[in-house]
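Listing of run-v3.tsv, TSV, C-alpha atoms and all ligand atoms
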```
chain	number	residue	atom	x	y	z
A	255	MET	CA	18.65	90.38	-167.17
A	256	ARG	CA	15.50	89.60	-165.12
A	257	ILE	CA	15.56	86.92	-162.42
A	258	LEU	CA	12.42	85.68	-160.74
A	259	LEU	CA	12.72	84.58	-157.10
A	260	TYR	CA	10.22	82.45	-155.19
A	261	ARG	CA	10.21	80.28	-152.09
A	262	GLY	CA	7.23	78.20	-151.02
A	263	ASP	CA	7.97	79.05	-147.37
A	264	GLY	CA	7.73	82.78	-148.14
A	265	VAL	CA	11.20	83.56	-146.75
A	266	ILE	CA	12.44	85.33	-149.85
A	267	GLU	CA	13.61	88.80	-148.74
A	268	PRO	CA	17.08	87.72	-147.54
A	269	TRP	CA	17.59	85.90	-150.84
A	270	ALA	CA	16.54	88.98	-152.81
A	271	HIS	CA	18.95	91.05	-150.74
A	272	ASP	CA	21.88	88.69	-151.40
A	273	PHE	CA	21.14	88.32	-155.11
A	274	ALA	CA	20.90	92.12	-155.46
A	275	ALA	CA	24.36	92.41	-153.87
A	276	ARG	CA	25.89	89.59	-155.97
A	277	LEU	CA	24.25	90.48	-159.32
A	278	PRO	CA	23.76	94.26	-159.06
A	279	HIS	CA	22.81	94.63	-162.73
A	280	ALA	CA	20.02	92.05	-162.63
A	281	GLU	CA	16.41	93.09	-162.17
A	282	LEU	CA	14.87	90.88	-159.47
A	283	VAL	CA	11.20	89.92	-159.54
A	284	VAL	CA	9.92	88.50	-156.25
A	285	TRP	CA	6.90	86.36	-157.17
A	286	ARG	CA	4.06	85.75	-154.74
A	287	GLU	CA	1.07	83.42	-155.09
A	288	GLY	CA	-1.68	85.04	-157.18
A	289	MET	CA	0.71	87.35	-159.07
A	290	SER	CA	0.40	87.51	-162.85
A	291	LEU	CA	3.50	88.00	-164.96
A	292	ALA	CA	1.50	88.57	-168.16
A	293	ALA	CA	2.00	92.33	-168.36
A	294	GLN	CA	5.70	92.19	-167.45
A	295	PRO	CA	8.78	91.66	-169.61
A	296	PRO	CA	9.76	87.95	-169.51
A	297	CYS	CA	12.20	86.68	-166.90
A	298	ASP	CA	15.48	85.12	-168.07
A	299	TYR	CA	15.99	82.87	-165.04
A	300	ALA	CA	13.96	81.62	-162.11
A	301	VAL	CA	15.43	80.73	-158.72
A	302	LEU	CA	12.91	78.66	-156.78
A	303	TRP	CA	12.17	76.41	-153.85
A	304	ALA	CA	8.91	74.41	-153.65
A	305	PRO	CA	7.19	76.19	-156.58
A	306	THR	CA	3.48	76.02	-157.35
A	307	ARG	CA	1.90	74.98	-160.62
A	308	SER	CA	0.52	78.49	-161.18
A	309	LEU	CA	4.06	79.89	-161.12
A	310	LEU	CA	5.55	77.20	-163.36
A	311	ASP	CA	2.79	77.77	-165.93
A	312	GLN	CA	3.91	81.37	-166.22
A	313	LEU	CA	7.60	80.63	-166.75
A	314	THR	CA	7.32	80.50	-170.50
A	315	GLN	CA	10.56	82.18	-171.48
A	316	VAL	CA	13.13	81.42	-168.80
A	317	LYS	CA	16.45	79.98	-169.96
A	318	ALA	CA	16.95	77.88	-166.83
A	319	ILE	CA	15.44	77.20	-163.44
A	320	PHE	CA	17.69	77.05	-160.37
A	321	LEU	CA	16.67	75.30	-157.17
A	322	MET	CA	17.60	76.68	-153.76
A	323	GLY	CA	18.18	73.16	-152.45
A	324	ALA	CA	19.60	69.75	-153.26
A	325	GLY	CA	16.46	67.69	-153.88
A	326	ALA	CA	14.51	68.02	-157.11
A	327	ASP	CA	11.41	66.02	-156.19
A	328	ALA	CA	9.35	69.07	-155.21
A	329	ILE	CA	9.64	70.40	-158.78
A	330	LEU	CA	9.90	67.18	-160.81
A	331	LYS	CA	6.50	66.10	-159.47
A	332	PHE	CA	4.99	68.56	-161.99
A	333	GLY	CA	6.25	66.29	-164.81
A	334	ASP	CA	5.13	67.40	-168.26
A	335	ALA	CA	3.85	70.72	-166.91
A	336	LEU	CA	7.46	71.84	-166.41
A	337	PRO	CA	9.05	74.28	-168.85
A	338	HIS	CA	11.51	72.53	-171.19
A	339	VAL	CA	14.62	74.26	-169.85
A	340	PRO	CA	17.49	73.02	-167.69
A	341	ILE	CA	16.60	72.60	-164.02
A	342	VAL	CA	19.68	73.01	-161.86
A	343	ARG	CA	20.00	71.84	-158.26
A	344	LEU	CA	22.42	73.12	-155.68
A	345	GLY	CA	25.64	71.13	-155.80
A	346	ASP	CA	27.00	70.87	-152.25
A	347	ALA	CA	27.13	74.59	-151.33
A	348	GLY	CA	28.17	73.66	-147.79
A	349	MET	CA	25.62	70.85	-147.47
A	350	ALA	CA	28.00	67.89	-147.77
A	351	GLU	CA	29.95	68.88	-144.68
A	352	GLN	CA	26.78	69.30	-142.62
A	353	MET	CA	25.42	65.98	-143.85
A	354	ALA	CA	28.68	64.24	-142.93
A	355	GLU	CA	28.55	65.79	-139.45
A	356	TYR	CA	24.95	64.71	-138.92
A	357	VAL	CA	25.48	61.11	-140.03
A	358	ALA	CA	28.79	60.77	-138.18
A	359	TYR	CA	27.15	62.08	-135.00
A	360	ALA	CA	24.14	59.75	-135.26
A	361	THR	CA	26.38	56.74	-136.03
A	362	LEU	CA	28.74	57.46	-133.14
A	363	ARG	CA	25.77	58.00	-130.82
A	364	TYR	CA	24.53	54.50	-131.57
A	365	PHE	CA	27.97	52.90	-131.66
A	366	ARG	CA	28.95	54.33	-128.26
A	367	ARG	CA	25.41	53.63	-126.95
A	368	PHE	CA	24.78	57.24	-125.99
A	369	ASP	CA	21.08	56.72	-126.84
A	370	GLU	CA	20.94	54.03	-124.15
A	371	TYR	CA	22.94	56.11	-121.67
A	372	GLU	CA	20.54	59.03	-122.24
A	373	GLN	CA	17.62	56.76	-121.29
A	374	GLN	CA	19.49	55.36	-118.30
A	375	ALA	CA	20.47	58.81	-117.05
A	376	ARG	CA	16.83	59.94	-117.17
A	377	GLN	CA	16.05	57.10	-114.78
A	378	GLY	CA	19.08	57.72	-112.56
A	379	ILE	CA	20.73	54.46	-113.63
A	380	TRP	CA	24.54	54.10	-113.48
A	381	ASN	CA	25.27	51.06	-115.61
A	382	PRO	CA	28.21	50.70	-118.02
A	383	LEU	CA	27.05	48.68	-121.04
A	384	PRO	CA	29.24	46.21	-122.98
A	385	GLU	CA	31.48	47.94	-125.52
A	386	ARG	CA	31.08	47.36	-129.25
A	387	ARG	CA	33.66	46.66	-131.93
A	388	LYS	CA	33.76	48.81	-135.03
A	389	ALA	CA	34.36	45.66	-137.08
A	390	ASP	CA	30.81	44.61	-136.13
A	391	PHE	CA	29.32	47.98	-136.96
A	392	THR	CA	29.30	48.27	-140.74
A	393	VAL	CA	27.58	51.37	-142.03
A	394	GLY	CA	25.74	51.05	-145.34
A	395	VAL	CA	25.08	54.21	-147.31
A	396	LEU	CA	22.25	54.11	-149.82
A	397	GLY	CA	23.03	56.63	-152.56
A	398	LEU	CA	26.53	57.62	-153.60
A	399	GLY	CA	25.97	61.06	-155.04
A	400	LYS	CA	27.51	64.42	-154.18
A	401	LEU	CA	26.30	64.20	-150.59
A	402	GLY	CA	26.64	60.43	-150.12
A	403	MET	CA	30.35	60.36	-150.95
A	404	PRO	CA	31.50	62.83	-148.27
A	405	VAL	CA	29.37	60.93	-145.74
A	406	LEU	CA	31.13	57.66	-146.65
A	407	HIS	CA	34.46	59.40	-146.38
A	408	ALA	CA	33.69	60.79	-142.90
A	409	LEU	CA	32.56	57.36	-141.68
A	410	ARG	CA	35.73	55.75	-143.01
A	411	GLN	CA	37.84	58.39	-141.29
A	412	LEU	CA	36.14	57.39	-138.04
A	413	GLY	CA	37.18	53.79	-138.66
A	414	PHE	CA	33.81	52.23	-139.51
A	415	PRO	CA	33.66	49.54	-142.19
A	416	VAL	CA	31.54	51.06	-144.95
A	417	ARG	CA	29.51	49.77	-147.85
A	418	GLY	CA	27.68	51.77	-150.49
A	419	TRP	CA	24.73	51.04	-152.74
A	420	SER	CA	23.95	52.89	-155.95
A	421	ARG	CA	21.81	52.40	-159.04
A	422	SER	CA	24.77	51.88	-161.34
A	423	PRO	CA	28.04	50.12	-160.46
A	424	ARG	CA	30.76	52.10	-158.67
A	425	ASP	CA	34.29	51.18	-157.77
A	426	LEU	CA	35.48	53.05	-154.68
A	427	PRO	CA	38.66	52.22	-152.79
A	428	GLY	CA	37.93	50.96	-149.27
A	429	VAL	CA	34.19	50.75	-149.87
A	430	GLU	CA	32.25	47.55	-150.48
A	431	CYS	CA	30.12	48.61	-153.45
A	432	TYR	CA	26.72	47.22	-154.42
A	433	ALA	CA	24.65	48.24	-157.43
A	434	GLY	CA	21.11	47.69	-158.60
A	435	MET	CA	17.95	46.32	-157.02
A	436	GLU	CA	19.19	42.74	-157.33
A	437	SER	CA	21.97	43.44	-154.82
A	438	LEU	CA	19.93	45.51	-152.38
A	439	ASP	CA	19.03	42.68	-150.00
A	440	ASP	CA	22.69	41.59	-149.72
A	441	PHE	CA	23.69	45.16	-149.07
A	442	LEU	CA	21.07	45.54	-146.34
A	443	ALA	CA	21.92	42.21	-144.71
A	444	GLY	CA	25.40	43.51	-143.80
A	445	SER	CA	24.46	47.07	-142.76
A	446	GLN	CA	24.37	47.47	-138.98
A	447	VAL	CA	23.57	51.12	-139.63
A	448	LEU	CA	21.63	52.04	-142.76
A	449	VAL	CA	21.96	55.61	-143.98
A	450	CYS	CA	19.45	56.70	-146.60
A	451	MET	CA	20.76	59.42	-148.91
A	452	LEU	CA	18.79	58.58	-152.05
A	453	PRO	CA	16.91	61.05	-154.23
A	454	LEU	CA	13.13	60.64	-154.14
A	455	THR	CA	12.00	59.06	-157.41
A	456	PRO	CA	9.17	56.62	-158.25
A	457	GLU	CA	11.71	53.77	-157.70
A	458	THR	CA	12.76	54.96	-154.25
A	459	THR	CA	9.29	55.84	-152.94
A	460	ASN	CA	8.45	53.32	-150.16
A	461	LEU	CA	11.73	51.53	-150.92
A	462	LEU	CA	12.34	50.91	-147.22
A	463	ASP	CA	9.26	48.88	-146.39
A	464	ARG	CA	8.85	45.97	-144.00
A	465	ALA	CA	10.38	43.43	-146.42
A	466	ARG	CA	13.49	45.54	-147.04
A	467	LEU	CA	13.98	46.76	-143.49
A	468	SER	CA	13.65	43.17	-142.25
A	469	GLN	CA	16.77	42.31	-144.27
A	470	LEU	CA	18.85	44.46	-141.91
A	471	PRO	CA	20.63	42.51	-139.17
A	472	ALA	CA	18.80	42.27	-135.83
A	473	GLY	CA	19.51	45.36	-133.73
A	474	ALA	CA	20.29	47.57	-136.74
A	475	TYR	CA	19.79	51.33	-136.86
A	476	LEU	CA	18.33	53.57	-139.54
A	477	ILE	CA	19.40	57.13	-140.32
A	478	ASN	CA	17.24	58.90	-142.91
A	479	VAL	CA	18.47	62.21	-144.25
A	480	ALA	CA	16.91	61.86	-147.72
A	481	ARG	CA	13.10	61.94	-147.99
A	482	GLY	CA	10.39	60.67	-145.67
A	483	ALA	CA	8.44	59.00	-148.46
A	484	GLN	CA	11.24	56.46	-148.91
A	485	VAL	CA	10.33	54.79	-145.62
A	486	ALA	CA	7.02	53.05	-144.91
A	487	ASP	CA	6.29	54.62	-141.51
A	488	PRO	CA	4.08	51.87	-140.01
A	489	ASP	CA	6.60	49.20	-141.08
A	490	LEU	CA	9.50	51.03	-139.46
A	491	LEU	CA	7.49	51.52	-136.30
A	492	ALA	CA	6.50	47.85	-136.16
A	493	LEU	CA	10.12	46.73	-136.61
A	494	ILE	CA	11.31	49.10	-133.90
A	495	ARG	CA	8.62	47.90	-131.52
A	496	SER	CA	9.50	44.28	-132.25
A	497	GLY	CA	13.16	45.09	-131.47
A	498	HIS	CA	14.45	44.11	-134.93
A	499	ILE	CA	15.47	47.71	-135.48
A	500	ALA	CA	17.09	49.18	-132.37
A	501	GLY	CA	16.62	52.83	-133.22
A	502	ALA	CA	16.18	55.40	-135.96
A	503	THR	CA	17.33	58.96	-136.45
A	504	LEU	CA	14.99	60.70	-138.85
A	505	ASP	CA	15.45	64.16	-140.32
A	506	VAL	CA	12.82	63.89	-143.05
A	507	PHE	CA	9.16	62.90	-143.09
A	508	ARG	CA	6.29	62.32	-145.50
A	509	ASN	CA	4.58	65.42	-144.14
A	510	GLU	CA	6.68	68.23	-142.77
A	511	PRO	CA	6.41	69.53	-140.13
A	512	LEU	CA	5.76	66.05	-138.72
A	513	PRO	CA	2.13	66.27	-137.52
A	514	ALA	CA	1.62	66.29	-133.75
A	515	PRO	CA	-0.37	63.01	-133.59
A	516	HIS	CA	2.25	61.03	-135.57
A	517	PRO	CA	3.35	57.99	-133.51
A	518	PHE	CA	7.05	58.68	-134.25
A	519	TRP	CA	6.91	61.52	-131.71
A	520	SER	CA	6.14	59.21	-128.82
A	521	GLU	CA	8.55	56.39	-129.74
A	522	PRO	CA	11.65	56.88	-127.56
A	523	ARG	CA	13.85	54.89	-129.94
A	524	ILE	CA	13.19	57.38	-132.73
A	525	THR	CA	15.18	60.59	-132.72
A	526	ILE	CA	13.51	63.36	-134.70
A	527	THR	CA	15.14	66.46	-136.15
A	528	PRO	CA	13.26	69.05	-138.25
A	529	HIS	CA	14.91	68.62	-141.71
A	530	ILE	CA	18.16	70.27	-140.62
A	531	SER	CA	20.74	67.65	-141.55
A	532	ALA	CA	22.02	69.95	-144.32
A	533	LEU	CA	20.65	73.46	-144.21
A	534	THR	CA	20.90	75.53	-147.33
A	535	LEU	CA	23.60	78.09	-146.58
A	536	ARG	CA	22.21	81.12	-148.36
A	537	GLU	CA	25.49	82.90	-148.96
A	538	GLU	CA	27.09	79.84	-150.58
A	539	ALA	CA	23.91	79.07	-152.53
A	540	VAL	CA	23.60	82.60	-153.95
A	541	GLN	CA	27.27	82.59	-154.95
A	542	GLN	CA	26.87	79.24	-156.68
A	543	ILE	CA	23.66	80.11	-158.54
A	544	ALA	CA	24.94	83.54	-159.59
A	545	ALA	CA	28.16	82.01	-160.92
A	546	LYS	CA	26.15	79.49	-162.93
A	547	ILE	CA	23.92	82.21	-164.37
A	548	GLU	CA	27.05	84.08	-165.43
A	549	ARG	CA	28.40	80.94	-167.08
A	550	LEU	CA	25.15	80.39	-168.98
A	551	GLU	CA	25.23	84.01	-170.12
A	552	ARG	CA	28.70	83.29	-171.55
A	553	ASP	CA	27.35	80.11	-173.20
A	554	GLU	CA	29.47	77.92	-170.93
A	555	ALA	CA	28.43	74.53	-169.55
A	556	ILE	CA	27.28	74.17	-165.94
A	557	ASP	CA	27.14	71.27	-163.45
A	558	ASP	CA	24.21	69.92	-161.45
A	559	VAL	CA	21.63	69.97	-164.23
A	560	ILE	CA	18.91	67.48	-163.34
A	561	ASP	CA	18.33	64.47	-165.56
A	562	ARG	CA	14.55	64.43	-165.76
A	563	VAL	CA	14.37	60.83	-166.92
A	564	ARG	CA	16.52	59.60	-164.04
A	565	GLY	CA	14.64	61.88	-161.66
A	566	TYR	CA	17.63	63.58	-159.96
B	1	LIG	C1	16.68	69.28	-149.64
B	1	LIG	C2	17.32	70.53	-149.24
B	1	LIG	O1	16.69	68.93	-150.81
B	1	LIG	O2	17.04	71.00	-148.12
B	1	LIG	O3	16.14	68.61	-148.75
B	1	LIG	O4	18.12	71.07	-150.00
```
What does this structure look like when you write it as structure tokens?
Ligand code: OXD
Amino acid sequence: MRILLYRGDGVIEPWAHDFAARLPHAELVVWREGMSLAAQPPCDYAVLWAPTRSLLDQLTQVKAIFLMGAGADAILKFGDALPHVPIVRLGDAGMAEQMAEYVAYATLRYFRRFDEYEQQARQGIWNPLPERRKADFTVGVLGLGKLGMPVLHALRQLGFPVRGWSRSPRDLPGVECYAGMESLDDFLAGSQVLVCMLPLTPETTNLLDRARLSQLPAGAYLINVARGAQVADPDLLALIRSGHIAGATLDVFRNEPLPAPHPFWSEPRITITPHISALTLREEAVQQIAAKIERLERDEAIDDVIDRVRGY
């Protein structure tokens, strides 16, 4: 069996090492930009992150493509140019726990006003602020997939009232559920903290623009751990500067790394992290992908195959 490996960031050697250990009988082909596969025997599988068109055009005989991450937008953007084989994303692989930690931390930071105390401390100000009630601090999670659900669970464990929004109706105990675009404004209107965990699709691109973000209650907070292109940057900035949105914690951006002149860097009410809310844990990811390859080789079904029409 031949498995092609490629990462757009070039950090492929540790992956090759771990796959060689986990699948010792597989022949691994590390692809680099400019390489032609024409004279080589075909690969059976490809394991990729942020592939290029020139690579995808050469994957004529793979049986499946595995992604080394959770989001499929970086590959689905190639649309009809993609080989007609299953594309499989990572399902959790240690990401859900990290995501839950990140969102719980950011929510608690706002709820307990640590962001304000950080500012005060920098100015040498000793000033206890009025306490808040959890009942007034509903957290709304946009997107109830494999990562969204553990985040909701963690927030509930902390005692926050939670609501969730998804494309199709869900019925979850203890969660106020909203479904479909027609209910989005109602969902937003009651979310003191909005957590974006949606996949990036044509429907979710620029979803959080001025009109939508203005539906949030005054003094709301935004936490984005999904994709930068879901938020209209100038609109968010304007609403933060006007005070309608009290703060944002952003892990994802339209262009990453976030360019140095971007105004988000100099806005003190925006907390920036470099796309680390859920790091791909290589060991878990290699185990998961290898196990799925073995299942496919035995003609068994696998989870986490992307629905190309839905876009995730
Ligand atoms: C992602 C990932 O999809 O890092 O953002 O897995």
What's the separation between atom CA of Gln469 of chain A and atom CA of Phe391 of chain A, in Å to one decimal place?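 Rounded to one decimal, the two atoms are 15.6 Å apart.
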Distance filter 7 Å around ligand LIG 1 (chain B), atoms: only C-alpha atoms and all ligand atoms, out as a list in words: Met322, Gly323, Ala324, Gly325, Ala326, Ala480, Ala532, Leu533 and Thr534 of chain A
Could the centre and edge lengths of an axis-aligned box, enclosing all atoms of segment 445-458 of chain A in the file with 4 Å extra on each side, be given in Å to one decimal as lines of an AutoDock Vina configuration file?
```
center_x = 16.8
center_y = 54.1
center_z = -148.6
size_x = 23.3
size_y = 22.0
size_z = 27.3
```
I'd like the contact shell of segment 397-407 of chain A - 9 Å cut-off, only C-alpha atoms, skipping same-chain residues fewer than 3 positions apart - returned as a list of chain:residue names.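 So, after excluding close chain neighbours, the residues are A:Gly345, A:Asp346, A:Met349, A:Ala350, A:Glu351, A:Met353, A:Ala354, A:Glu355, A:Tyr356, A:Val357, A:Ala358, A:Val393, A:Gly394, A:Arg410, A:Gln411, A:Leu412, A:Val416, A:Arg417, A:Gly418, A:Trp419, A:Ser420, A:Arg421, A:Arg424, A:Val429, A:Val449, A:Cys450, A:Met451, A:Leu452, A:Pro453.
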Residues within 12 Å of Arg464 of chain A, only C-alpha atoms, excluding chain neighbours under 2 positions, as a PyMOL selection string: chain A and resi 460-462+466-470+484-494+496+498-499
Between atom CA of Phe368 of chain A and atom CA of Ala465 of chain A, measure the distance and give it in Å to one decimal.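 Atom-to-atom, atom CA of Phe368 of chain A and atom CA of Ala465 of chain A are spaced 28.6 Å apart.
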Spatial neighbours of segment 359-363 of chain A, 12 Å, all atoms listed in the file, chain gap at least 3 places, as a compact mmCIF listing (two decimals) with C-alpha atoms, in the coordinates of the input:
```
# COMPACT_ATOMS: atom_id res chain seq x y z
CA GLN A 352 26.78 69.30 -142.62
CA MET A 353 25.42 65.98 -143.85
CA ALA A 354 28.68 64.24 -142.93
CA GLU A 355 28.55 65.79 -139.45
CA TYR A 356 24.95 64.71 -138.92
CA ARG A 366 28.95 54.33 -128.26
CA ARG A 367 25.41 53.63 -126.95
CA PHE A 368 24.78 57.24 -125.99
CA ASP A 369 21.08 56.72 -126.84
CA GLU A 370 20.94 54.03 -124.15
CA TYR A 371 22.94 56.11 -121.67
CA GLU A 372 20.54 59.03 -122.24
CA ARG A 386 31.08 47.36 -129.25
CA ARG A 387 33.66 46.66 -131.93
CA LYS A 388 33.76 48.81 -135.03
CA PHE A 391 29.32 47.98 -136.96
CA THR A 392 29.30 48.27 -140.74
CA VAL A 393 27.58 51.37 -142.03
CA GLY A 394 25.74 51.05 -145.34
CA VAL A 395 25.08 54.21 -147.31
CA VAL A 405 29.37 60.93 -145.74
CA LEU A 406 31.13 57.66 -146.65
CA ALA A 408 33.69 60.79 -142.90
CA LEU A 409 32.56 57.36 -141.68
CA ARG A 410 35.73 55.75 -143.01
CA LEU A 412 36.14 57.39 -138.04
CA GLY A 413 37.18 53.79 -138.66
CA PHE A 414 33.81 52.23 -139.51
CA PRO A 415 33.66 49.54 -142.19
CA VAL A 416 31.54 51.06 -144.95
CA SER A 445 24.46 47.07 -142.76
CA GLN A 446 24.37 47.47 -138.98
CA VAL A 447 23.57 51.12 -139.63
CA LEU A 448 21.63 52.04 -142.76
CA VAL A 449 21.96 55.61 -143.98
CA ALA A 474 20.29 47.57 -136.74
CA TYR A 475 19.79 51.33 -136.86
CA LEU A 476 18.33 53.57 -139.54
CA ILE A 477 19.40 57.13 -140.32
CA ASN A 478 17.24 58.90 -142.91
CA VAL A 479 18.47 62.21 -144.25
CA GLY A 501 16.62 52.83 -133.22
CA ALA A 502 16.18 55.40 -135.96
CA THR A 503 17.33 58.96 -136.45
CA LEU A 504 14.99 60.70 -138.85
CA ASP A 505 15.45 64.16 -140.32
CA ILE A 524 13.19 57.38 -132.73
CA THR A 525 15.18 60.59 -132.72
CA ILE A 526 13.51 63.36 -134.70
CA THR A 527 15.14 66.46 -136.15
CA SER A 531 20.74 67.65 -141.55
```
Contacts of Ala539 of chain A at 8 Å or less, counting all atoms listed in the file, minus same-chain residues fewer than 3 places along, as a PDB file with C-alpha atoms, keeping the file's coordinate frame?
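As written to disk, part_30.pdb reads:
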```pdb
ATOM      1  CA  MET A 322      17.600  76.680-153.760  1.00  0.00           C
ATOM      2  CA  LEU A 344      22.420  73.120-155.680  1.00  0.00           C
ATOM      3  CA  ALA A 347      27.130  74.590-151.330  1.00  0.00           C
ATOM      4  CA  THR A 534      20.900  75.530-147.330  1.00  0.00           C
ATOM      5  CA  LEU A 535      23.600  78.090-146.580  1.00  0.00           C
ATOM      6  CA  ARG A 536      22.210  81.120-148.360  1.00  0.00           C
ATOM      7  CA  GLN A 542      26.870  79.240-156.680  1.00  0.00           C
ATOM      8  CA  ILE A 543      23.660  80.110-158.540  1.00  0.00           C
TER       9      ILE A 543
END
```
Between A:Phe332, A:Tyr566, A:Trp380, A:Trp269, single out the one closest to Glu538 of chain A, counting only C-alpha atoms.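 Comparing A:Phe332, A:Tyr566, A:Trp380, A:Trp269 against Glu538 of chain A, the winner is A:Trp269.
Of the listed residues (A:Glu510, A:Glu551, A:Glu267, A:Glu287), A:Glu551 comes nearest to Lys317 of chain A; the distances count all atoms listed in the file.
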Can you pull out every residue within 7 Å of Arg481 of chain A, counting all atoms listed in the file, but drop anything in the same chain fewer than 6 positions away, and send it as an MDAnalysis selection string? chainID A and resid 454 506:507
Counting all atoms listed in the file, the option among A:Val284, A:Ala292, A:Ala318, A:Leu550 closest to Val265 of chain A: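 Result for the nearest residue to Val265 of chain A: A:Val284.
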Just give me the gap between atom CA of His271 of chain A and atom CA of Ala293 of chain A in Å, one decimal is fine. 24.5 Å
Using all atoms listed in the file: which of A:Pro340, A:Pro296, A:Gly473, A:Pro382 has the shortest distance to Gly444 of chain A: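 Nearest to Gly444 of chain A: A:Gly473.
Nearest residue to Arg562 of chain A, choosing from A:Leu258, A:Phe320, A:Pro522, A:Asp327 and counting all atoms listed in the file: A:Asp327.
When all atoms listed in the file are used to compute distances to Pro471 of chain A, the closest of the residues A:Glu537, A:Asp561, A:Asp440, A:Glu521 turns out to be A:Asp440.
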Please, could N, CA and C atoms be added to segment 407-418 of chain A and the result written as an mmCIF file, in the coordinates of the input?
```cif
data_model
loop_
_atom_site.group_PDB
_atom_site.id
_atom_site.type_symbol
_atom_site.label_atom_id
_atom_site.label_comp_id
_atom_site.auth_asym_id
_atom_site.auth_seq_id
_atom_site.Cartn_x
_atom_site.Cartn_y
_atom_site.Cartn_z
ATOM 1 N N HIS A 407 33.091 59.032 -146.709
ATOM 2 C CA HIS A 407 34.460 59.400 -146.380
ATOM 3 C C HIS A 407 34.583 59.682 -144.864
ATOM 4 N N ALA A 408 33.628 60.443 -144.332
ATOM 5 C CA ALA A 408 33.690 60.790 -142.900
ATOM 6 C C ALA A 408 33.591 59.531 -142.045
ATOM 7 N N LEU A 409 32.723 58.597 -142.461
ATOM 8 C CA LEU A 409 32.560 57.360 -141.680
ATOM 9 C C LEU A 409 33.829 56.517 -141.723
ATOM 10 N N ARG A 410 34.475 56.512 -142.880
ATOM 11 C CA ARG A 410 35.730 55.750 -143.010
ATOM 12 C C ARG A 410 36.811 56.353 -142.131
ATOM 13 N N GLN A 411 36.851 57.694 -142.124
ATOM 14 C CA GLN A 411 37.840 58.390 -141.290
ATOM 15 C C GLN A 411 37.668 58.021 -139.825
ATOM 16 N N LEU A 412 36.409 57.756 -139.432
ATOM 17 C CA LEU A 412 36.140 57.390 -138.040
ATOM 18 C C LEU A 412 36.445 55.914 -137.774
ATOM 19 N N GLY A 413 36.774 55.185 -138.831
ATOM 20 C CA GLY A 413 37.180 53.790 -138.660
ATOM 21 C C GLY A 413 36.062 52.769 -138.828
ATOM 22 N N PHE A 414 34.894 53.205 -139.306
ATOM 23 C CA PHE A 414 33.810 52.230 -139.510
ATOM 24 C C PHE A 414 33.994 51.510 -140.844
ATOM 25 N N PRO A 415 33.732 50.201 -140.890
ATOM 26 C CA PRO A 415 33.660 49.540 -142.190
ATOM 27 C C PRO A 415 32.458 50.117 -142.939
ATOM 28 N N VAL A 416 32.641 50.429 -144.218
ATOM 29 C CA VAL A 416 31.540 51.060 -144.950
ATOM 30 C C VAL A 416 31.214 50.292 -146.225
ATOM 31 N N ARG A 417 29.952 50.305 -146.571
ATOM 32 C CA ARG A 417 29.510 49.770 -147.850
ATOM 33 C C ARG A 417 28.561 50.783 -148.480
ATOM 34 N N GLY A 418 28.529 50.787 -149.801
ATOM 35 C CA GLY A 418 27.680 51.770 -150.490
ATOM 36 C C GLY A 418 26.822 51.076 -151.528
#
```
